Amino acid sequence: MAADKQKLEAKWAEYLENQKKDNVKYMLLSAAGILTVLVLWQAVVMLGLVDSRLLPPPTEVLSTLIYKLNNTVPDGNTLGTNIIASLQVALSGFCVAIVIGVPLGLLMGWWTYADRFIRPIFELVRPVPPIAWIPLVVVWMGVGLKAKALIIFFTAFVPCVINSYTGIKLTSQVLIDVSRTFGAPNWMIFWKIGIPSSLPMVFAGIRVALGNSWSTLVAAEMLAASAGLGYMIQIGRTVARPDIVIVGMVVIGAIGAILSAILSRCEKYFLRWKVNR
Amino acid sequence: MEQQVKRMEIRHLSKTFFSKKGYFTAIDDVSFDVYDGEFLVILGPGRCGKTVMLNIIAGVEDATEGQIIYNGKEWKGLNPEIGMVFQKLALMSFKTVIENVELALKFRGMKKEERREIARHYIKLVGLEGFENYYPKQLSGGMQQRVGIARAYAANPKLLIMDEPFGKLDAQTRYQMQEDLLKIWEKEKRTIIFVTNNIEEACYLGDRIILLSDCPAKVKEVYPIDIPRPRDMVSREFLELRTTISDNTDLSI
Amino acid sequence: MPDNEKRPVKVEVKNLTKRFGDLLVLDDMSFNIHKGEFVCVVGPTGCGKSTFLNCLTRIHMPSQGDIFIDGVPADPRRHNISFVFQEPSALPWQTVEQNLAYGLKIKKVPQSEINRRVDQILDLMGLQESRKAYPGELSVSAEQRIIIGRSFAMQPDLLLMDEPYGQMDVKMRFYLEDEVIRLWKELGSTVIFITHNIEEAVYLAEKVLILTNKPAKIKEEVYIDLPRPRDITSPKFIEYRNYITDKIKWW
Amino acid sequence: MDRMSSGQKTVRTVLYWGLPVLAVLLIIVGWITFSASHPDLMPAPVDVWDRFIRTFTRPIAKTTLIGHAWASLRRVLIALLIAWAFGIGFGILIGWNRKARAFFGSIFEVIRPIPPIAWIPIVIMWFGIGEFPKVLLVFIGTFVPLVINTSAGIEMVDKINLHVGRIFGGNDMQILKEIVIPTALPSIFAGIRTSVSSGWTTVLAAEMMGAQQGLGSLVTRGWQGSDLSLVLVAVITIAVIGALLAVILQQLEKVVCPWNSK
């Protein structure tokens, strides 16, 4: 067996070597992809094919980004204050939507009467795109933090309810029957079986809600705000500063990606039992 | 048994899975012959190494070591003369029964009427006439497996590999499928490699049984069976054969 | 008259009938099961064996007649019933330990007693080293053994098992059958074991209930008078096996 | 649970049908009382109805409500057709081919987190507020969900189905066409559903930013002219069309994937 052991060890080392080579290859390919876009962008502007007043080259965008870190021109806030303002609005609406939406979806999925009563109201709210709420909310509550948070609440609330509802409806009947045979009352089955088994779908709903919140935030800030990334972009547009607009878009994209990565970390922790055989 | 023609030889086959965390040997130096037209059964406990071996023979997975000699020549990769039946069925839920059965013929570019003609023949052979336009989801477990068998036969293979096809069926349906499979095999002679973890099924079906050990799979013993068919599962010699094999099998908790 | 007839009656089934809409599934079944008896229920595929078990556990309410445990209509809250389903029913989000204690927690058994019983079952089934693992990390056979362990941990007065070893290879099945006999002898529960495999029924049962095809009626009760551990090649064993097979052979 | 007395059964049916009716009544009554007490915050249902009729008799910007609705729908449909072709094609490419996934996928991953609405300012700067920028914006809004769902659908095809394809003699293209894409269809349809609702949202935002015609422009016009009943008329029309689109898609999926429903 010893000879085999050595052969296997050698083969294993070779395998690890190939894996590393593959990873590097694909990493380079990805980097190449992004690089070609940046180089093309730079070349197109430098060669004058596109008017630089409309499309600033990446180098200029980068310098504006750095400049904006501690300067308030032209929208009156540094990049930091805008980010915090946006996060404050987005996350408040988002968290309230989870705290209300997820339990409501679970209740509607488990008790038919809760479903029958809440469903009509929910079905009326669902098809209305969140942006359509902005005028009404602004009339009701002005343009303050509460108003924008309410708009984001609407957009995050719907996916939370739908996914929690579908998640708990998919609870395996076998587990319910087992618990019932052990004499567990209905509320205990909801607590011990319904909720844990619907967690994967609930997280999927939260992920969609996060995406919605972040995109509706931009709309809300464009239409009625005094700070925030959306507001910064809007001002950038009105004063014909495309570099500010692109900086805003890049920062929104980056923060969106970071928030989603954080959510994945939480999901991995809560669903660590979901290892597949 | 007189010296038959060897359809395939497996020589010193080994397979080790490598991962970041380490490596795991599933098959360790397995060698055996497959005679032409024979019903060979590979019997092994638990879920270790058997499916991997079939995937290597079918050419969809490559071995760490060893060769496969087919019709006297070394063979690498996919072999058009090999058909396969899967335990997990792997039927296309979006295709009707007849569309599933004619899959291989369609891939070979055969015209529609000709394909349908051959497909109908094999659907009749497995006893599913009238179900041509059903979707797999509408059929029982036993009937779905018949579609899998018809699909493999329709590809006109010389060698048919079957990976625990009756594993998911209840005991009584399983007896029925075993009898029907033998009838089909006698009507349309093919070399069959039948993998199972059920000793009774192995003794009932096989001309020869190759007994594998638990992980990593090695050949423990080869049992030629000369009880005439149809075999009676409760006859004395059948039960004696079964007990000797079962005593020699590893227990895989 | 075999000795288990002298034991007190545990489960009494009186004219049990079950109808889904106008489809009659169980047709006026009446029989008794005695305390601590190991009964196997066999019948042709799809004759309604599982529905019969579901009526016992009140998952389905009988259309007519009723089922009495210790003379009182069966009620999962009052009686200590455990059910081993055919599909895997371990809670994927709980560790093996928590799974074994699941039923006991519902019955509000004191924690010290729960720990004692869980340890006893873990030792009996040799699952000690995977007590902190999740069911998803174990093999199918290990998961099925956890479910059986969970049911026995309840020390139920009535243990129902719906074809628990259908997927196992023969060697593993012999091992698990010996294990269930050992647990049954040690804990003295009354067991109703459903199976399609007649050899398994004759190997396990003190009494075999043969059901007819749909709608299910009791065709016959066969007492298996064989010493334990039973030898599947002994002539008497084969005689029982052939006898029962002829009663339900449809293939 | 079927041994209940008939009394219990009638209670259950009354509750089952009564509760939703009660809920709808509550909404209507709530609406009426709230609009009566705060007419400036919420127009009464009757006013909204009158405004709805008036949009036909006195069209805004020379187009009736149906004209506005069609303007919005036309923009979404054009963008959707293009997005479906490109998005599903690109999704299949990066789902199926590992190198393409590395090269193009990385560019897509960078653009993906930027919300479609964040594109509005730059697109307006580049192309003004005519028809093309709006269709382009809706294209951006619908392209992303399509690519995500399609590539996920392709990647999640069970390995055993690929084995079947290769053992039965299929070459890569045949396996892709006959096995992989049909298996991924349900996930592609999920992408289509998301793209329609996201497209419908984006066209509204684009129109609210500046447009002569379209339901979004009605909302802005009502909002700026503090004519809340017009805003409500527009919002209700948007909701109704949104719901109709979802229903149409469900029927389309049943036709394209009959095996799921049977």
# chains A, B, ... in the order shown; residues from 1 in each chain; ligands from 1
>>> residues_around(residues="Ala154 of chain B", least_positions_apart="5", cutoff="12 Å", atoms="only C-alpha atoms", output="number ranges by chain")
B: 81-85, 98-108, 114-126, 147-149, 160, 188; D: 168
>>> closest_atom_pairs(of="chain B", to="chain A", cutoff="12 Å", atoms="only C-alpha atoms", output="tab-separated table")
residue	atom	partner	partner_atom	distance
B:Ser14	CA	A:Asp4	CA	10.8
B:Lys15	CA	A:Leu8	CA	10.3
B:Thr16	CA	A:Leu8	CA	8.0
B:Phe17	CA	A:Trp12	CA	8.9
B:Phe18	CA	A:Trp12	CA	6.1
B:Ser19	CA	A:Leu16	CA	7.8
B:Lys20	CA	A:Leu16	CA	7.0
B:Lys21	CA	A:Leu16	CA	10.1
B:Gly22	CA	A:Trp12	CA	7.6
B:Tyr23	CA	A:Trp12	CA	6.9
B:Phe24	CA	A:Leu8	CA	9.6
B:Thr25	CA	A:Leu8	CA	9.1
B:Asp28	CA	A:Asp4	CA	9.9
B:Asp29	CA	A:Asp4	CA	10.5
B:Thr64	CA	A:Lys11	CA	8.9
B:Glu65	CA	A:Leu8	CA	10.8
>>> write_last_selection(atoms="N, CA and C atoms", output="mmCIF file, in the first residue's frame")
data_model
loop_
_atom_site.group_PDB
_atom_site.id
_atom_site.type_symbol
_atom_site.label_atom_id
_atom_site.label_comp_id
_atom_site.auth_asym_id
_atom_site.auth_seq_id
_atom_site.Cartn_x
_atom_site.Cartn_y
_atom_site.Cartn_z
ATOM 1 N N SER B 14 -8.695 1.959 -10.992
ATOM 2 C CA SER B 14 -8.728 2.640 -9.668
ATOM 3 C C SER B 14 -9.266 4.055 -9.880
ATOM 4 N N LYS B 15 -9.923 4.540 -8.825
ATOM 5 C CA LYS B 15 -10.447 5.917 -8.936
ATOM 6 C C LYS B 15 -10.310 6.581 -7.570
ATOM 7 N N THR B 16 -9.644 7.703 -7.533
ATOM 8 C CA THR B 16 -9.514 8.472 -6.271
ATOM 9 C C THR B 16 -10.027 9.876 -6.515
ATOM 10 N N PHE B 17 -10.854 10.347 -5.569
ATOM 11 C CA PHE B 17 -11.375 11.715 -5.681
ATOM 12 C C PHE B 17 -10.471 12.645 -4.879
ATOM 13 N N PHE B 18 -10.091 13.736 -5.543
ATOM 14 C CA PHE B 18 -9.213 14.708 -4.865
ATOM 15 C C PHE B 18 -10.018 15.967 -4.544
ATOM 16 N N SER B 19 -9.712 16.568 -3.391
ATOM 17 C CA SER B 19 -10.360 17.861 -3.106
ATOM 18 C C SER B 19 -9.367 18.673 -2.285
ATOM 19 N N LYS B 20 -9.766 19.914 -2.029
ATOM 20 C CA LYS B 20 -8.832 20.772 -1.278
ATOM 21 C C LYS B 20 -8.491 20.118 0.049
ATOM 22 N N LYS B 21 -9.497 19.466 0.652
ATOM 23 C CA LYS B 21 -9.278 18.971 2.036
ATOM 24 C C LYS B 21 -8.454 17.695 2.027
ATOM 25 N N GLY B 22 -8.443 16.921 0.928
ATOM 26 C CA GLY B 22 -7.703 15.655 0.944
ATOM 27 C C GLY B 22 -8.124 14.790 -0.214
ATOM 28 N N TYR B 23 -7.922 13.464 -0.119
ATOM 29 C CA TYR B 23 -8.356 12.597 -1.238
ATOM 30 C C TYR B 23 -9.037 11.348 -0.685
ATOM 31 N N PHE B 24 -9.869 10.732 -1.508
ATOM 32 C CA PHE B 24 -10.710 9.611 -1.054
ATOM 33 C C PHE B 24 -10.744 8.590 -2.186
ATOM 34 N N THR B 25 -10.278 7.381 -1.886
ATOM 35 C CA THR B 25 -10.231 6.343 -2.935
ATOM 36 C C THR B 25 -11.546 5.583 -2.970
ATOM 37 N N ASP B 28 -10.386 0.589 -5.883
ATOM 38 C CA ASP B 28 -8.964 0.282 -5.669
ATOM 39 C C ASP B 28 -8.587 -0.986 -6.448
ATOM 40 N N ASP B 29 -8.003 -0.824 -7.631
ATOM 41 C CA ASP B 29 -7.423 -1.918 -8.414
ATOM 42 C C ASP B 29 -8.443 -3.036 -8.680
ATOM 43 N N THR B 64 -8.557 7.043 -12.441
ATOM 44 C CA THR B 64 -7.226 7.520 -12.029
ATOM 45 C C THR B 64 -6.180 6.582 -12.623
ATOM 46 N N GLU B 65 -6.506 5.279 -12.629
ATOM 47 C CA GLU B 65 -5.569 4.292 -13.227
ATOM 48 C C GLU B 65 -6.379 3.201 -13.895
#
>>> select_by_dssp(residues="segment 15-116 of chain B", states="helix (DSSP H, G or I)", output="list of chain:residue names")
B:Lys50, B:Thr51, B:Val52, B:Met53, B:Leu54, B:Asn55, B:Ile56, B:Ile57, B:Ala58, B:Val97, B:Ile98, B:Glu99, B:Asn100, B:Val101, B:Leu103, B:Ala104, B:Leu105, B:Lys106, B:Phe107, B:Lys112, B:Glu113, B:Glu114, B:Arg115, B:Arg116
>>> write_last_selection(atoms="N, CA, C and O atoms", output="CSV table (one decimal), in the first residue's frame")
chain,number,residue,atom,x,y,z
B,50,LYS,N,-19.8,2.0,-6.9
B,50,LYS,CA,-20.4,1.3,-8.0
B,50,LYS,C,-20.8,2.3,-9.1
B,50,LYS,O,-20.4,2.1,-10.3
B,51,THR,N,-21.5,3.4,-8.7
B,51,THR,CA,-21.9,4.3,-9.8
B,51,THR,C,-20.7,4.9,-10.5
B,51,THR,O,-20.7,5.1,-11.7
B,52,VAL,N,-19.6,5.2,-9.7
B,52,VAL,CA,-18.4,5.8,-10.3
B,52,VAL,C,-17.8,4.8,-11.3
B,52,VAL,O,-17.5,5.2,-12.5
B,53,MET,N,-17.8,3.5,-11.0
B,53,MET,CA,-17.3,2.5,-11.9
B,53,MET,C,-18.1,2.5,-13.3
B,53,MET,O,-17.5,2.5,-14.3
B,54,LEU,N,-19.4,2.6,-13.1
B,54,LEU,CA,-20.2,2.6,-14.3
B,54,LEU,C,-20.0,3.8,-15.1
B,54,LEU,O,-19.9,3.8,-16.4
B,55,ASN,N,-19.8,5.0,-14.5
B,55,ASN,CA,-19.6,6.2,-15.2
B,55,ASN,C,-18.2,6.1,-16.0
B,55,ASN,O,-18.1,6.6,-17.1
B,56,ILE,N,-17.3,5.4,-15.4
B,56,ILE,CA,-16.0,5.3,-16.0
B,56,ILE,C,-16.1,4.4,-17.3
B,56,ILE,O,-15.7,4.7,-18.4
B,57,ILE,N,-16.9,3.3,-17.1
B,57,ILE,CA,-17.1,2.3,-18.2
B,57,ILE,C,-17.8,3.1,-19.3
B,57,ILE,O,-17.5,3.0,-20.5
B,58,ALA,N,-18.8,3.9,-18.9
B,58,ALA,CA,-19.7,4.6,-20.0
B,58,ALA,C,-18.9,5.7,-20.6
B,58,ALA,O,-19.2,6.2,-21.6
B,97,VAL,N,-43.1,10.3,-23.3
B,97,VAL,CA,-42.4,9.0,-23.2
B,97,VAL,C,-41.7,8.7,-24.5
B,97,VAL,O,-40.5,8.4,-24.6
B,98,ILE,N,-42.4,8.9,-25.6
B,98,ILE,CA,-41.8,8.5,-26.9
B,98,ILE,C,-40.7,9.5,-27.3
B,98,ILE,O,-39.6,9.0,-27.8
B,99,GLU,N,-40.8,10.7,-26.9
B,99,GLU,CA,-39.6,11.7,-27.2
B,99,GLU,C,-38.4,11.3,-26.3
B,99,GLU,O,-37.3,11.4,-26.8
B,100,ASN,N,-38.7,10.8,-25.1
B,100,ASN,CA,-37.6,10.3,-24.3
B,100,ASN,C,-36.9,9.1,-24.9
B,100,ASN,O,-35.7,9.0,-25.0
B,101,VAL,N,-37.7,8.2,-25.3
B,101,VAL,CA,-37.1,6.9,-25.8
B,101,VAL,C,-36.3,7.1,-27.1
B,101,VAL,O,-35.3,6.5,-27.3
B,103,LEU,N,-34.5,9.5,-27.9
B,103,LEU,CA,-33.4,10.6,-27.7
B,103,LEU,C,-32.1,10.2,-28.5
B,103,LEU,O,-31.7,11.0,-29.3
B,104,ALA,N,-31.6,9.0,-28.3
B,104,ALA,CA,-30.3,8.7,-28.9
B,104,ALA,C,-30.5,8.7,-30.5
B,104,ALA,O,-29.6,9.2,-31.2
B,105,LEU,N,-31.6,8.3,-31.0
B,105,LEU,CA,-31.8,8.2,-32.4
B,105,LEU,C,-31.9,9.7,-33.0
B,105,LEU,O,-31.3,10.0,-34.0
B,106,LYS,N,-32.5,10.5,-32.2
B,106,LYS,CA,-32.6,12.0,-32.6
B,106,LYS,C,-31.2,12.6,-32.7
B,106,LYS,O,-30.8,13.2,-33.6
B,107,PHE,N,-30.4,12.2,-31.7
B,107,PHE,CA,-29.0,12.7,-31.6
B,107,PHE,C,-28.2,12.2,-32.9
B,107,PHE,O,-27.3,12.9,-33.3
B,112,LYS,N,-37.7,11.5,-38.6
B,112,LYS,CA,-38.7,11.4,-37.5
B,112,LYS,C,-39.4,10.1,-37.6
B,112,LYS,O,-39.5,9.3,-36.6
B,113,GLU,N,-40.0,9.8,-38.8
B,113,GLU,CA,-40.8,8.5,-38.9
B,113,GLU,C,-40.0,7.3,-38.4
B,113,GLU,O,-40.5,6.5,-37.7
B,114,GLU,N,-38.8,7.2,-38.9
B,114,GLU,CA,-37.9,6.1,-38.6
B,114,GLU,C,-37.7,6.0,-37.1
B,114,GLU,O,-37.9,4.9,-36.5
B,115,ARG,N,-37.4,7.1,-36.5
B,115,ARG,CA,-37.2,7.1,-35.1
B,115,ARG,C,-38.4,6.6,-34.3
B,115,ARG,O,-38.3,5.7,-33.5
B,116,ARG,N,-39.6,7.2,-34.7
B,116,ARG,CA,-40.8,6.9,-34.0
B,116,ARG,C,-41.1,5.4,-34.2
B,116,ARG,O,-41.5,4.7,-33.2
>>> atom_distance(atom1="atom CA of Ser179 of chain A", atom2="atom CA of Met154 of chain C")
12.7 Å
>>> atom_distance(atom1="atom CA of Glu240 of chain B", atom2="atom CA of Gln87 of chain B")
28.5 Å
>>> interface_residues(of="chain C", to="chain D", cutoff="9 Å", atoms="only C-alpha atoms", output="VMD selection string")
chain C and resid 58 to 63
>>> write_last_selection(atoms="C-alpha atoms", output="tab-separated table (two decimals), in the first residue's frame")
chain	number	residue	atom	x	y	z
C	58	ARG	CA	-55.47	10.53	13.73
C	59	ILE	CA	-53.73	12.13	10.72
C	60	HIS	CA	-56.86	10.87	8.96
C	61	MET	CA	-60.09	10.54	10.93
C	62	PRO	CA	-61.91	7.25	10.21
C	63	SER	CA	-65.21	7.58	8.28
